[in-house]
Every structure is written in C-alpha cells, then in structure tokens.
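Structure data (compact mmCIF, N, CA, C and O atoms) from input.txt:
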```
# COMPACT_ATOMS: atom_id res chain seq x y z
N MET M 1 0.89 9.07 -7.90
CA MET M 1 0.25 10.23 -8.50
C MET M 1 -1.15 9.81 -8.94
O MET M 1 -1.34 8.77 -9.54
N GLY M 2 -2.13 10.64 -8.66
CA GLY M 2 -3.49 10.31 -8.98
C GLY M 2 -3.80 10.43 -10.46
O GLY M 2 -3.08 11.08 -11.23
N LEU M 3 -4.86 9.77 -10.86
CA LEU M 3 -5.24 9.74 -12.26
C LEU M 3 -5.61 11.13 -12.78
O LEU M 3 -5.26 11.49 -13.90
N LEU M 4 -6.30 11.91 -11.94
CA LEU M 4 -6.66 13.27 -12.37
C LEU M 4 -5.42 14.12 -12.63
O LEU M 4 -5.38 14.88 -13.60
N ASN M 5 -4.41 13.96 -11.79
CA ASN M 5 -3.18 14.72 -11.99
C ASN M 5 -2.47 14.30 -13.26
O ASN M 5 -1.89 15.13 -13.97
N VAL M 6 -2.48 13.02 -13.56
CA VAL M 6 -1.85 12.51 -14.78
C VAL M 6 -2.55 13.08 -16.01
O VAL M 6 -1.92 13.54 -16.96
N ILE M 7 -3.88 13.07 -15.99
CA ILE M 7 -4.65 13.59 -17.12
C ILE M 7 -4.39 15.08 -17.31
O ILE M 7 -4.18 15.55 -18.44
N ARG M 8 -4.38 15.83 -16.21
CA ARG M 8 -4.11 17.27 -16.31
C ARG M 8 -2.72 17.54 -16.85
O ARG M 8 -2.52 18.44 -17.66
N ARG M 9 -1.72 16.79 -16.38
CA ARG M 9 -0.36 16.99 -16.85
C ARG M 9 -0.25 16.72 -18.35
O ARG M 9 0.39 17.48 -19.08
N MET M 10 -0.90 15.65 -18.81
CA MET M 10 -0.86 15.34 -20.24
C MET M 10 -1.52 16.44 -21.06
O MET M 10 -1.04 16.79 -22.13
N ALA M 11 -2.62 16.96 -20.55
CA ALA M 11 -3.37 17.95 -21.32
C ALA M 11 -2.73 19.33 -21.26
O ALA M 11 -2.62 20.01 -22.29
N LEU M 12 -2.28 19.75 -20.09
CA LEU M 12 -1.81 21.12 -19.94
C LEU M 12 -0.31 21.29 -20.21
O LEU M 12 0.10 22.23 -20.88
N ARG M 13 0.50 20.39 -19.70
CA ARG M 13 1.95 20.53 -19.89
C ARG M 13 2.42 19.94 -21.21
O ARG M 13 3.18 20.56 -21.94
N GLU M 14 1.98 18.72 -21.48
CA GLU M 14 2.46 18.03 -22.68
C GLU M 14 1.64 18.38 -23.92
O GLU M 14 2.00 18.00 -25.02
N LYS M 15 0.53 19.09 -23.71
CA LYS M 15 -0.34 19.54 -24.81
C LYS M 15 -0.79 18.39 -25.71
O LYS M 15 -0.86 18.51 -26.92
N LEU M 16 -1.13 17.26 -25.08
CA LEU M 16 -1.61 16.11 -25.86
C LEU M 16 -3.10 16.27 -26.14
O LEU M 16 -3.85 16.78 -25.30
N PRO M 17 -3.56 15.82 -27.30
CA PRO M 17 -5.00 15.86 -27.58
C PRO M 17 -5.75 14.83 -26.71
O PRO M 17 -5.15 13.88 -26.20
N ILE M 18 -7.03 15.05 -26.59
CA ILE M 18 -7.86 14.19 -25.74
C ILE M 18 -7.84 12.75 -26.24
O ILE M 18 -7.81 11.81 -25.44
N ARG M 19 -7.80 12.55 -27.53
CA ARG M 19 -7.75 11.18 -28.07
C ARG M 19 -6.49 10.45 -27.65
O ARG M 19 -6.52 9.27 -27.31
N GLU M 20 -5.36 11.15 -27.64
CA GLU M 20 -4.10 10.52 -27.24
C GLU M 20 -4.10 10.22 -25.75
O GLU M 20 -3.62 9.17 -25.32
N ILE M 21 -4.66 11.11 -24.95
CA ILE M 21 -4.77 10.86 -23.51
C ILE M 21 -5.65 9.65 -23.26
O ILE M 21 -5.34 8.79 -22.44
N ALA M 22 -6.76 9.56 -24.01
CA ALA M 22 -7.66 8.41 -23.87
C ALA M 22 -6.95 7.13 -24.27
O ALA M 22 -7.12 6.09 -23.62
N ARG M 23 -6.16 7.18 -25.29
CA ARG M 23 -5.42 6.00 -25.75
C ARG M 23 -4.42 5.54 -24.69
O ARG M 23 -4.29 4.36 -24.41
N ARG M 24 -3.71 6.49 -24.08
CA ARG M 24 -2.69 6.15 -23.10
C ARG M 24 -3.25 5.69 -21.77
O ARG M 24 -2.68 4.83 -21.11
N THR M 25 -4.37 6.28 -21.36
CA THR M 25 -4.93 5.94 -20.05
C THR M 25 -5.95 4.82 -20.11
O THR M 25 -6.24 4.19 -19.09
N GLY M 26 -6.54 4.58 -21.28
CA GLY M 26 -7.56 3.55 -21.39
C GLY M 26 -8.94 4.03 -20.99
O GLY M 26 -9.88 3.24 -20.90
N LEU M 27 -9.09 5.33 -20.76
CA LEU M 27 -10.39 5.91 -20.43
C LEU M 27 -11.06 6.42 -21.70
O LEU M 27 -10.40 6.65 -22.71
N SER M 28 -12.35 6.65 -21.62
CA SER M 28 -13.05 7.17 -22.79
C SER M 28 -12.79 8.66 -22.93
O SER M 28 -12.43 9.35 -21.96
N ARG M 29 -12.99 9.17 -24.15
CA ARG M 29 -12.77 10.60 -24.39
C ARG M 29 -13.74 11.44 -23.57
O ARG M 29 -13.39 12.52 -23.09
N ASN M 30 -14.97 10.95 -23.41
CA ASN M 30 -15.95 11.71 -22.63
C ASN M 30 -15.53 11.83 -21.17
O ASN M 30 -15.71 12.88 -20.55
N THR M 31 -14.95 10.78 -20.64
CA THR M 31 -14.49 10.81 -19.25
C THR M 31 -13.35 11.80 -19.09
O THR M 31 -13.31 12.58 -18.14
N ILE M 32 -12.43 11.79 -20.04
CA ILE M 32 -11.28 12.72 -19.99
C ILE M 32 -11.78 14.15 -20.07
O ILE M 32 -11.35 15.01 -19.32
N ARG M 33 -12.71 14.40 -20.98
CA ARG M 33 -13.28 15.73 -21.14
C ARG M 33 -13.96 16.18 -19.84
O ARG M 33 -13.82 17.32 -19.40
N LYS M 34 -14.69 15.25 -19.21
CA LYS M 34 -15.39 15.56 -17.96
C LYS M 34 -14.39 15.91 -16.85
O LYS M 34 -14.58 16.87 -16.11
N TYR M 35 -13.29 15.14 -16.75
CA TYR M 35 -12.29 15.41 -15.73
C TYR M 35 -11.61 16.76 -15.95
O TYR M 35 -11.35 17.50 -15.01
N LEU M 36 -11.31 17.08 -17.20
CA LEU M 36 -10.64 18.35 -17.49
C LEU M 36 -11.57 19.54 -17.25
O LEU M 36 -11.14 20.59 -16.79
N LYS M 37 -12.83 19.37 -17.57
CA LYS M 37 -13.79 20.46 -17.41
C LYS M 37 -14.14 20.70 -15.95
O LYS M 37 -14.36 21.83 -15.53
N ALA M 38 -14.17 19.64 -15.15
CA ALA M 38 -14.58 19.76 -13.75
C ALA M 38 -13.60 20.58 -12.93
O ALA M 38 -13.99 21.40 -12.11
N GLY M 39 -12.31 20.38 -13.14
CA GLY M 39 -11.31 21.14 -12.40
C GLY M 39 -11.27 20.82 -10.92
O GLY M 39 -10.76 21.60 -10.13
N THR M 40 -11.81 19.69 -10.52
CA THR M 40 -11.79 19.33 -9.10
C THR M 40 -10.45 18.73 -8.72
O THR M 40 -9.69 18.25 -9.55
N ILE M 41 -10.17 18.78 -7.46
CA ILE M 41 -8.94 18.21 -6.92
C ILE M 41 -9.26 16.79 -6.45
O ILE M 41 -10.33 16.53 -5.90
N GLU M 42 -8.32 15.90 -6.67
CA GLU M 42 -8.52 14.51 -6.27
C GLU M 42 -8.64 14.42 -4.76
O GLU M 42 -7.83 14.98 -4.02
N PRO M 43 -9.68 13.74 -4.26
CA PRO M 43 -9.87 13.68 -2.81
C PRO M 43 -8.78 12.86 -2.14
O PRO M 43 -8.31 11.88 -2.68
N LYS M 44 -8.38 13.31 -0.96
CA LYS M 44 -7.41 12.58 -0.17
C LYS M 44 -8.13 12.00 1.03
O LYS M 44 -8.63 12.73 1.87
N PHE M 45 -8.18 10.70 1.08
CA PHE M 45 -8.86 10.01 2.16
C PHE M 45 -7.84 9.67 3.24
O PHE M 45 -6.80 9.11 2.96
N THR M 46 -8.16 10.04 4.46
CA THR M 46 -7.28 9.72 5.56
C THR M 46 -7.75 8.42 6.20
O THR M 46 -8.94 8.20 6.40
N VAL M 47 -6.81 7.59 6.50
CA VAL M 47 -7.11 6.32 7.16
C VAL M 47 -7.05 6.56 8.66
O VAL M 47 -6.02 7.02 9.18
N PRO M 48 -8.13 6.29 9.37
CA PRO M 48 -8.11 6.54 10.81
C PRO M 48 -7.15 5.58 11.51
O PRO M 48 -6.94 4.45 11.07
N GLU M 49 -6.57 6.06 12.59
CA GLU M 49 -5.67 5.23 13.38
C GLU M 49 -6.47 4.16 14.09
O GLU M 49 -7.40 4.45 14.84
N ARG M 50 -6.12 2.92 13.83
CA ARG M 50 -6.79 1.80 14.49
C ARG M 50 -5.74 0.97 15.19
O ARG M 50 -4.72 0.62 14.60
N PRO M 51 -5.98 0.64 16.44
CA PRO M 51 -5.00 -0.19 17.13
C PRO M 51 -5.02 -1.61 16.56
O PRO M 51 -6.06 -2.15 16.20
N SER M 52 -3.85 -2.20 16.49
CA SER M 52 -3.72 -3.56 15.99
C SER M 52 -3.62 -4.52 17.17
O SER M 52 -3.19 -4.14 18.26
N LYS M 53 -4.01 -5.76 16.95
CA LYS M 53 -3.85 -6.76 18.00
C LYS M 53 -2.38 -7.03 18.28
O LYS M 53 -2.01 -7.51 19.34
N LEU M 54 -1.54 -6.70 17.31
CA LEU M 54 -0.11 -6.96 17.44
C LEU M 54 0.63 -5.86 18.20
O LEU M 54 1.76 -6.07 18.64
N ASP M 55 0.01 -4.70 18.38
CA ASP M 55 0.66 -3.56 19.01
C ASP M 55 1.25 -3.88 20.40
O ASP M 55 2.39 -3.50 20.67
N PRO M 56 0.52 -4.55 21.30
CA PRO M 56 1.12 -4.83 22.61
C PRO M 56 2.34 -5.75 22.54
O PRO M 56 3.17 -5.77 23.44
N PHE M 57 2.45 -6.52 21.48
CA PHE M 57 3.54 -7.49 21.36
C PHE M 57 4.62 -7.05 20.37
O PHE M 57 5.54 -7.81 20.07
N ALA M 58 4.50 -5.83 19.85
CA ALA M 58 5.41 -5.37 18.80
C ALA M 58 6.86 -5.29 19.29
O ALA M 58 7.78 -5.68 18.58
N GLY M 59 7.07 -4.82 20.49
CA GLY M 59 8.43 -4.72 21.02
C GLY M 59 9.08 -6.08 21.19
O GLY M 59 10.25 -6.29 20.84
N LYS M 60 8.30 -7.01 21.71
CA LYS M 60 8.81 -8.38 21.90
C LYS M 60 9.14 -9.03 20.56
O LYS M 60 10.20 -9.64 20.39
N LEU M 61 8.23 -8.86 19.59
CA LEU M 61 8.45 -9.46 18.27
C LEU M 61 9.65 -8.81 17.57
O LEU M 61 10.44 -9.51 16.93
N ALA M 62 9.81 -7.51 17.71
CA ALA M 62 10.95 -6.82 17.09
C ALA M 62 12.26 -7.33 17.69
O ALA M 62 13.25 -7.53 16.97
N GLY M 63 12.27 -7.55 18.99
CA GLY M 63 13.46 -8.09 19.64
C GLY M 63 13.79 -9.49 19.15
O GLY M 63 14.95 -9.83 18.89
N TRP M 64 12.75 -10.31 19.01
CA TRP M 64 12.96 -11.67 18.50
C TRP M 64 13.51 -11.64 17.08
O TRP M 64 14.43 -12.38 16.75
N LEU M 65 12.93 -10.80 16.25
CA LEU M 65 13.39 -10.73 14.86
C LEU M 65 14.82 -10.23 14.77
O LEU M 65 15.59 -10.68 13.92
N LYS M 66 15.19 -9.32 15.66
CA LYS M 66 16.56 -8.80 15.66
C LYS M 66 17.56 -9.90 16.03
O LYS M 66 18.61 -10.03 15.42
N THR M 67 17.20 -10.70 17.04
CA THR M 67 18.11 -11.78 17.42
C THR M 67 18.14 -12.89 16.37
O THR M 67 19.17 -13.52 16.18
N GLU M 68 17.01 -13.10 15.68
CA GLU M 68 16.97 -14.14 14.65
C GLU M 68 17.82 -13.78 13.44
O GLU M 68 18.38 -14.65 12.79
N THR M 69 17.93 -12.49 13.13
CA THR M 69 18.74 -12.09 11.97
C THR M 69 20.22 -12.30 12.21
O THR M 69 20.99 -12.43 11.26
N LEU M 70 20.63 -12.35 13.48
CA LEU M 70 22.03 -12.58 13.79
C LEU M 70 22.42 -14.05 13.65
O LEU M 70 23.60 -14.37 13.55
N LYS M 71 21.43 -14.94 13.69
CA LYS M 71 21.69 -16.38 13.58
C LYS M 71 21.84 -16.78 12.11
O LYS M 71 21.42 -16.07 11.21
N SER M 72 22.43 -17.95 11.90
CA SER M 72 22.53 -18.46 10.53
C SER M 72 21.14 -18.90 10.06
O SER M 72 20.24 -19.12 10.87
N ARG M 73 20.99 -19.08 8.78
CA ARG M 73 19.68 -19.38 8.20
C ARG M 73 19.08 -20.66 8.78
O ARG M 73 17.89 -20.74 9.04
N LYS M 74 19.89 -21.66 9.00
CA LYS M 74 19.37 -22.95 9.48
C LYS M 74 19.03 -22.93 10.96
O LYS M 74 18.29 -23.78 11.43
N GLN M 75 19.56 -21.97 11.70
CA GLN M 75 19.29 -21.91 13.14
C GLN M 75 18.13 -20.99 13.48
O GLN M 75 17.70 -20.94 14.62
N ARG M 76 17.60 -20.28 12.51
CA ARG M 76 16.49 -19.35 12.77
C ARG M 76 15.19 -20.09 13.01
O ARG M 76 14.94 -21.15 12.46
N ARG M 77 14.34 -19.47 13.84
CA ARG M 77 13.00 -20.02 14.08
C ARG M 77 12.09 -19.60 12.93
O ARG M 77 12.14 -18.46 12.48
N PRO M 78 11.23 -20.50 12.46
CA PRO M 78 10.28 -20.10 11.41
C PRO M 78 9.19 -19.20 11.99
O PRO M 78 8.99 -19.12 13.21
N LEU M 79 8.47 -18.53 11.12
CA LEU M 79 7.40 -17.63 11.56
C LEU M 79 6.30 -18.36 12.30
O LEU M 79 5.67 -17.81 13.19
N THR M 80 6.08 -19.62 11.94
CA THR M 80 5.06 -20.38 12.66
C THR M 80 5.44 -20.54 14.13
O THR M 80 4.58 -20.48 15.01
N GLN M 81 6.72 -20.71 14.40
CA GLN M 81 7.18 -20.83 15.78
C GLN M 81 7.07 -19.49 16.50
O GLN M 81 6.68 -19.44 17.66
N LEU M 82 7.41 -18.40 15.81
CA LEU M 82 7.26 -17.07 16.42
C LEU M 82 5.80 -16.80 16.75
O LEU M 82 5.48 -16.25 17.82
N HIS M 83 4.90 -17.19 15.85
CA HIS M 83 3.47 -17.01 16.11
C HIS M 83 3.04 -17.85 17.30
O HIS M 83 2.29 -17.38 18.17
N ALA M 84 3.52 -19.09 17.38
CA ALA M 84 3.16 -19.96 18.51
C ALA M 84 3.66 -19.37 19.82
O ALA M 84 2.96 -19.43 20.85
N ASP M 85 4.85 -18.78 19.82
CA ASP M 85 5.38 -18.15 21.03
C ASP M 85 4.55 -16.93 21.43
O ASP M 85 4.32 -16.70 22.62
N LEU M 86 4.10 -16.16 20.45
CA LEU M 86 3.24 -15.01 20.75
C LEU M 86 1.89 -15.46 21.31
O LEU M 86 1.34 -14.83 22.22
N VAL M 87 1.35 -16.55 20.77
CA VAL M 87 0.08 -17.08 21.28
C VAL M 87 0.25 -17.53 22.73
O VAL M 87 -0.65 -17.33 23.56
N ALA M 88 1.41 -18.11 23.05
CA ALA M 88 1.67 -18.51 24.43
C ALA M 88 1.72 -17.30 25.37
O ALA M 88 1.40 -17.41 26.55
N LEU M 89 2.10 -16.14 24.83
CA LEU M 89 2.14 -14.91 25.64
C LEU M 89 0.77 -14.23 25.74
O LEU M 89 0.62 -13.26 26.46
N GLY M 90 -0.21 -14.71 24.95
CA GLY M 90 -1.55 -14.14 25.03
C GLY M 90 -2.03 -13.45 23.76
O GLY M 90 -3.08 -12.80 23.76
N PHE M 91 -1.28 -13.54 22.68
CA PHE M 91 -1.68 -12.93 21.41
C PHE M 91 -2.87 -13.69 20.84
O PHE M 91 -2.86 -14.92 20.78
N THR M 92 -3.92 -12.97 20.42
CA THR M 92 -5.12 -13.62 19.90
C THR M 92 -5.29 -13.46 18.40
O THR M 92 -6.28 -13.89 17.84
N GLY M 93 -4.33 -12.83 17.74
CA GLY M 93 -4.43 -12.59 16.31
C GLY M 93 -4.02 -13.80 15.49
O GLY M 93 -3.60 -14.84 16.02
N SER M 94 -4.12 -13.65 14.17
CA SER M 94 -3.83 -14.76 13.28
C SER M 94 -2.35 -14.79 12.89
O SER M 94 -1.60 -13.85 13.13
N TYR M 95 -1.97 -15.89 12.27
CA TYR M 95 -0.60 -16.06 11.78
C TYR M 95 -0.29 -15.02 10.70
O TYR M 95 0.82 -14.49 10.65
N ASN M 96 -1.27 -14.72 9.84
CA ASN M 96 -1.04 -13.76 8.76
C ASN M 96 -0.69 -12.39 9.29
O ASN M 96 0.08 -11.65 8.67
N ARG M 97 -1.22 -11.99 10.42
CA ARG M 97 -0.91 -10.69 11.01
C ARG M 97 0.55 -10.65 11.43
O ARG M 97 1.24 -9.65 11.29
N VAL M 98 1.06 -11.77 11.95
CA VAL M 98 2.46 -11.84 12.37
C VAL M 98 3.37 -11.88 11.15
O VAL M 98 4.40 -11.22 11.11
N ALA M 99 2.97 -12.64 10.14
CA ALA M 99 3.79 -12.77 8.94
C ALA M 99 3.86 -11.45 8.22
O ALA M 99 4.88 -11.09 7.69
```
Output the file's structure in the form of structure tokens.
Amino acid sequence: MGLLNVIRRMALREKLPIREIARRTGLSRNTIRKYLKAGTIEPKFTVPERPSKLDPFAGKLAGWLKTETLKSRKQRRPLTQLHADLVALGFTGSYNRVA
C-alpha cells in the first residue's frame, strides 16, 4: 500500500489528527498537509518487459532444478556447477543471475 493511501486512510477513516499521522509515519506535518490537500493519486510505474539472458535457458534450468529436488541433499549439484553447465551451453550471464 502506498504512503499516500496510508496517510489518507489515517486522516479520513481513522480521523487521526495531522500531528498523530506525522508521529506514526515520520513525515513532517507540512508534508502530510500537502499530501492531503493535493488529492493526487499515487503514480503507478509500469516496468517494461525486458528479455533476460537467462530466458533461452529457463526451460533447461527448470528441468535441472526439478531433478535436483528429487535427489538427497548430499547428491545435489551446487549452483556453481549448474552455472558452469549453463556456461558450457552458451550462457553469457553471471552466476548471480542463475542464483
């Protein structure tokens, strides 16, 4: 829930004074007053779809992870080995992306 929605709920539904809202949120009274007076809606930013370097290998990695979960803990391959196997297949991304 966005901060503007929280401030509005405290002010309109719970009927809290501005000082109490400021105390609970850690914002100044002037900021709270400004947010309540503005009446704007919190902006929703959309994240554009970006292809990942891991996308072409996602099916292969999902299959590996599924077979690894069936094995006992000591027989499983570590993530470093899974990353090395993906690099052998042509993956150019980092270990952190796989992890």
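Atom C of Asp55 (chain M) is positioned 23.5 Å from CA of Leu70 (chain M).
Put simply, CA of Lys15 (chain M) is 19.9 Å away from CA of Ile41 (chain M).
Across the model, the gap from CA of His83 (chain M) to CA of Leu61 (chain M) is 9.3 Å.
Around Leu54 (chain M), within 8 Å and counting all atoms listed in the file, the residues found are M:Lys60, M:Leu61, M:Phe91, M:Thr92, M:Gly93, M:Arg97, M:Val98, once anything fewer than 6 positions away on its own chain is removed.
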**Request:** Could you tell me, as a VMD selection string, which residues of region 5-85 of chain M DSSP assigns to helix (DSSP H, G or I) when given the backbone?
**Result:** chain M and resid 5 to 13 18 to 25 29 to 38 55 to 70 73 to 75 79 to 85
**Prompt:** Quick one: of M:Leu82, M:Ala99, M:Ala88, M:Ala38, who's nearest to Gly63 (chain M), counting only C-alpha atoms?
**Reply:** M:Leu82
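Counting all atoms listed in the file, the residue from M:Asp85, M:Leu36, M:Arg76, M:Arg23 that sits nearest to Ile7 (chain M) is M:Leu36.
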Quick test: take region 32-66 of chain M, keep N, CA and C atoms, and write it as an mmCIF file, in the first residue's frame.
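Result file follows (decode.cif):
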```
data_model
loop_
_atom_site.group_PDB
_atom_site.id
_atom_site.type_symbol
_atom_site.label_atom_id
_atom_site.label_comp_id
_atom_site.auth_asym_id
_atom_site.auth_seq_id
_atom_site.Cartn_x
_atom_site.Cartn_y
_atom_site.Cartn_z
ATOM 1 N N ILE M 32 2.468 16.167 5.360
ATOM 2 C CA ILE M 32 1.170 15.483 5.478
ATOM 3 C C ILE M 32 0.058 16.403 5.000
ATOM 4 N N ARG M 33 0.108 17.664 5.412
ATOM 5 C CA ARG M 33 -0.887 18.639 4.992
ATOM 6 C C ARG M 33 -0.882 18.793 3.470
ATOM 7 N N LYS M 34 0.321 18.833 2.887
ATOM 8 C CA LYS M 34 0.459 18.977 1.440
ATOM 9 C C LYS M 34 -0.142 17.772 0.716
ATOM 10 N N TYR M 35 0.120 16.557 1.219
ATOM 11 C CA TYR M 35 -0.419 15.357 0.595
ATOM 12 C C TYR M 35 -1.940 15.317 0.683
ATOM 13 N N LEU M 36 -2.491 15.709 1.819
ATOM 14 C CA LEU M 36 -3.948 15.678 1.982
ATOM 15 C C LEU M 36 -4.620 16.744 1.125
ATOM 16 N N LYS M 37 -3.997 17.889 1.004
ATOM 17 C CA LYS M 37 -4.584 18.982 0.228
ATOM 18 C C LYS M 37 -4.501 18.713 -1.272
ATOM 19 N N ALA M 38 -3.447 18.050 -1.714
ATOM 20 C CA ALA M 38 -3.236 17.835 -3.146
ATOM 21 C C ALA M 38 -4.297 16.914 -3.743
ATOM 22 N N GLY M 39 -4.649 15.856 -3.040
ATOM 23 C CA GLY M 39 -5.670 14.941 -3.549
ATOM 24 C C GLY M 39 -5.235 14.160 -4.774
ATOM 25 N N THR M 40 -3.946 14.072 -5.020
ATOM 26 C CA THR M 40 -3.479 13.328 -6.191
ATOM 27 C C THR M 40 -3.437 11.840 -5.891
ATOM 28 N N ILE M 41 -3.456 11.075 -6.938
ATOM 29 C CA ILE M 41 -3.374 9.622 -6.829
ATOM 30 C C ILE M 41 -1.912 9.232 -6.987
ATOM 31 N N GLU M 42 -1.505 8.245 -6.213
ATOM 32 C CA GLU M 42 -0.118 7.795 -6.275
ATOM 33 C C GLU M 42 0.173 7.216 -7.652
ATOM 34 N N PRO M 43 1.265 7.650 -8.290
ATOM 35 C CA PRO M 43 1.553 7.168 -9.642
ATOM 36 C C PRO M 43 1.927 5.693 -9.637
ATOM 37 N N LYS M 44 1.483 4.993 -10.663
ATOM 38 C CA LYS M 44 1.836 3.593 -10.823
ATOM 39 C C LYS M 44 2.784 3.490 -12.006
ATOM 40 N N PHE M 45 3.992 3.093 -11.724
ATOM 41 C CA PHE M 45 5.003 2.974 -12.758
ATOM 42 C C PHE M 45 5.018 1.540 -13.269
ATOM 43 N N THR M 46 4.945 1.404 -14.569
ATOM 44 C CA THR M 46 4.997 0.076 -15.155
ATOM 45 C C THR M 46 6.436 -0.226 -15.555
ATOM 46 N N VAL M 47 6.845 -1.416 -15.265
ATOM 47 C CA VAL M 47 8.187 -1.856 -15.627
ATOM 48 C C VAL M 47 8.100 -2.478 -17.009
ATOM 49 N N PRO M 48 8.859 -1.963 -17.960
ATOM 50 C CA PRO M 48 8.776 -2.523 -19.310
ATOM 51 C C PRO M 48 9.341 -3.948 -19.339
ATOM 52 N N GLU M 49 8.784 -4.745 -20.224
ATOM 53 C CA GLU M 49 9.261 -6.115 -20.386
ATOM 54 C C GLU M 49 10.636 -6.091 -21.029
ATOM 55 N N ARG M 50 11.585 -6.676 -20.341
ATOM 56 C CA ARG M 50 12.946 -6.756 -20.872
ATOM 57 C C ARG M 50 13.351 -8.220 -20.908
ATOM 58 N N PRO M 51 13.879 -8.656 -22.021
ATOM 59 C CA PRO M 51 14.315 -10.051 -22.071
ATOM 60 C C PRO M 51 15.553 -10.249 -21.195
ATOM 61 N N SER M 52 15.610 -11.392 -20.548
ATOM 62 C CA SER M 52 16.737 -11.722 -19.694
ATOM 63 C C SER M 52 17.695 -12.626 -20.463
ATOM 64 N N LYS M 53 18.953 -12.607 -20.081
ATOM 65 C CA LYS M 53 19.912 -13.514 -20.701
ATOM 66 C C LYS M 53 19.590 -14.962 -20.349
ATOM 67 N N LEU M 54 18.850 -15.146 -19.268
ATOM 68 C CA LEU M 54 18.526 -16.485 -18.796
ATOM 69 C C LEU M 54 17.308 -17.080 -19.503
ATOM 70 N N ASP M 55 16.526 -16.260 -20.193
ATOM 71 C CA ASP M 55 15.290 -16.722 -20.830
ATOM 72 C C ASP M 55 15.492 -17.913 -21.777
ATOM 73 N N PRO M 56 16.489 -17.910 -22.663
ATOM 74 C CA PRO M 56 16.640 -19.073 -23.549
ATOM 75 C C PRO M 56 16.984 -20.366 -22.805
ATOM 76 N N PHE M 57 17.527 -20.247 -21.608
ATOM 77 C CA PHE M 57 17.954 -21.429 -20.852
ATOM 78 C C PHE M 57 17.013 -21.758 -19.697
ATOM 79 N N ALA M 58 15.897 -21.050 -19.598
ATOM 80 C CA ALA M 58 14.997 -21.208 -18.453
ATOM 81 C C ALA M 58 14.398 -22.612 -18.397
ATOM 82 N N GLY M 59 14.011 -23.157 -19.513
ATOM 83 C CA GLY M 59 13.429 -24.497 -19.529
ATOM 84 C C GLY M 59 14.423 -25.556 -19.087
ATOM 85 N N LYS M 60 15.636 -25.427 -19.586
ATOM 86 C CA LYS M 60 16.692 -26.380 -19.213
ATOM 87 C C LYS M 60 17.003 -26.290 -17.723
ATOM 88 N N LEU M 61 17.119 -25.052 -17.221
ATOM 89 C CA LEU M 61 17.430 -24.853 -15.807
ATOM 90 C C LEU M 61 16.288 -25.353 -14.924
ATOM 91 N N ALA M 62 15.050 -25.121 -15.332
ATOM 92 C CA ALA M 62 13.905 -25.595 -14.552
ATOM 93 C C ALA M 62 13.895 -27.121 -14.483
ATOM 94 N N GLY M 63 14.237 -27.763 -15.587
ATOM 95 C CA GLY M 63 14.315 -29.226 -15.593
ATOM 96 C C GLY M 63 15.402 -29.735 -14.667
ATOM 97 N N TRP M 64 16.548 -29.070 -14.693
ATOM 98 C CA TRP M 64 17.648 -29.466 -13.805
ATOM 99 C C TRP M 64 17.245 -29.305 -12.347
ATOM 100 N N LEU M 65 16.627 -28.184 -12.034
ATOM 101 C CA LEU M 65 16.232 -27.941 -10.645
ATOM 102 C C LEU M 65 15.186 -28.950 -10.186
ATOM 103 N N LYS M 66 14.305 -29.349 -11.086
ATOM 104 C CA LYS M 66 13.288 -30.333 -10.729
ATOM 105 C C LYS M 66 13.920 -31.691 -10.417
#
```
